[in-house]
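These notes concern the structure reproduced below.
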Amino acid sequence: MIDREMVQIRVLSAGHGQGRVMLSALVEATVRHLVMRGGREFFVSMREKGKEFLPDAEHTKAELIASNLAMQFALGKALADPDTIPPHMELAVSTDRIYCGRVRFAFQLPEEGTAEEISPDANLLIVPAAAPDAVIPTAQKFLNDAENTPVCIALFCDHKPSPADDANAMLRSVSPELIELFGEREWCCECYNPCGFQPDGSICSADHASPVGAAELFWDAVGFAAKRREAYFRQELHDAAAVIKRRNSVYQANAPRRLLELRHNRGVYAAAVKGLYEAQTLLAAATGIPLPGDGKE
């Protein structure tokens with residue numbers, strides 16, 4: 001079932017440490033820096049739910065707590081000992097005092113199964129360019145548990161990609177078998193390295209990291225997930241509105257079961273409106289188009 005509170009993105013990898021390092025790279029690329037998208041500055045924070053916007057005094061306290069949470073995902077810690085990194089994190093996205101929504105990234109090991117009741121809105125799959133087939137068993141296990149859930153591929157590279165490199169073409173050349181597993185689902189690929197590269201091509205240290213592809217993977221995954229949620233909530237609105245129209249009449253007033261059905265679907269409709277707005281706002285942010293209702297071109 002879908003999580004109505006926030007976007008769910010599942011991080012998958014063949015190795016235990018790679019997924020947790022990815023979470024740290026995402027924090028390094030988005031939380032620790034302002035992110036530009038479509039000419040806008042976006043603020044990605046680890047603030048607690050309900051505390052995204054607060055008065056000045058409370059704002060400082062909330063930001064301090066969020067900063068402490070972000071420290072748990074320090075890239076140096078992740079590279080030295082991935083087990084010190086929490087397996088999931090929640091990020092709040094906002095811009096110009098406009099709240100866009102919350103996104104949860106969660107790493108899941110193959111042996112953990114698929115016990116979670118909440119299905120992901122998108123998957124983020126880490127593929128080592130030197131051994132891409134190593135991730136195929138993981139992909140086979142998890143990509144079948146939710147029909148056509150989109151996939152973002154982080155193609156791990158140990159050398160600096162050139163501007164002419166096409167990550168999609170690179171993935172097709174190194175692992176056509178993996179591409180076949182995606183079937184009809186949407187997918188995209190970005191070259192990725194958690195530390196990034198210096199101008200001479202050498203890998204940056206964790207203390208001066210500039211992750212390659214992490215910010216792009218963040219927006220790719222959010223865009224895919226928001227698009228999927230938008231379709232889901234549109235259908236819910238349609239279905240709930242149809243029931244409300246049928247049951248909202250004086251002839252139904254003395255039918256307790258139908259009144260309960262009416263009340264339930266009014267609640268579903270209201271929740272779907274909220275979910276649709278957040279999905280559309282996150283989708284607009286991810287694709288770089290004007291946000292709903294902000295009047296900016």
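Going through the structure tokens in order, the chains are called A, B, and so on, while each chain numbers its residues from 1 and the ligands are numbered from 1 in the order shown.
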
request  = Just the residues within 7 Å of A:Ala29, please, counting only C-alpha atoms, with nothing from its chain fewer than 5 positions along; format it as a VMD selection string.
outcome  = chain A and resid 211 214 to 215

request  = Would you please give, as JSON, numbers by chain, all residues of stretch 46-293 of chain A that DSSP assigns to alpha helix (DSSP H) based on the backbone?
outcome  = {"A": [56, 57, 58, 59, 60, 61, 62, 63, 64, 65, 66, 67, 68, 69, 70, 71, 75, 76, 77, 78, 79, 80, 136, 137, 138, 139, 140, 141, 142, 167, 168, 169, 170, 171, 172, 173, 174, 176, 177, 178, 179, 180, 181, 182, 214, 215, 216, 217, 218, 219, 220, 221, 222, 223, 224, 225, 226, 227, 228, 229, 230, 231, 232, 233, 234, 235, 236, 237, 238, 239, 240, 241, 242, 243, 244, 245, 246, 247, 256, 257, 258, 259, 260, 261, 262, 263, 264, 265, 266, 267, 268, 269, 270, 271, 272, 273, 274, 275, 276, 277, 278, 279, 280, 281, 282, 283, 284, 285, 286, 287]}

request  = Mind checking which residues fall within 12 Å of stretch 263-278 of chain A, counting only C-alpha atoms, ignoring those fewer than 2 positions away in the same chain, and posting them as a PyMOL selection string?
outcome  = chain A and resi 2-7+92-94+98-103+222-223+225-248+253+256-261+280-285+291-293

message = So, with only C-alpha atoms as the atoms that count, which of A:Asp166, A:Ala106, A:Asp121, A:Ile179 lies closest to A:Ala279?
response =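 Checking each candidate against A:Ala279, we get A:Asp121 as the closest.
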
request  = Find the residues near A:Arg185: any atom within 9 Å, counting only C-alpha atoms, skip ones fewer than 4 places away on the same chain, and give them as number ranges by chain.
outcome  = A: 147-151
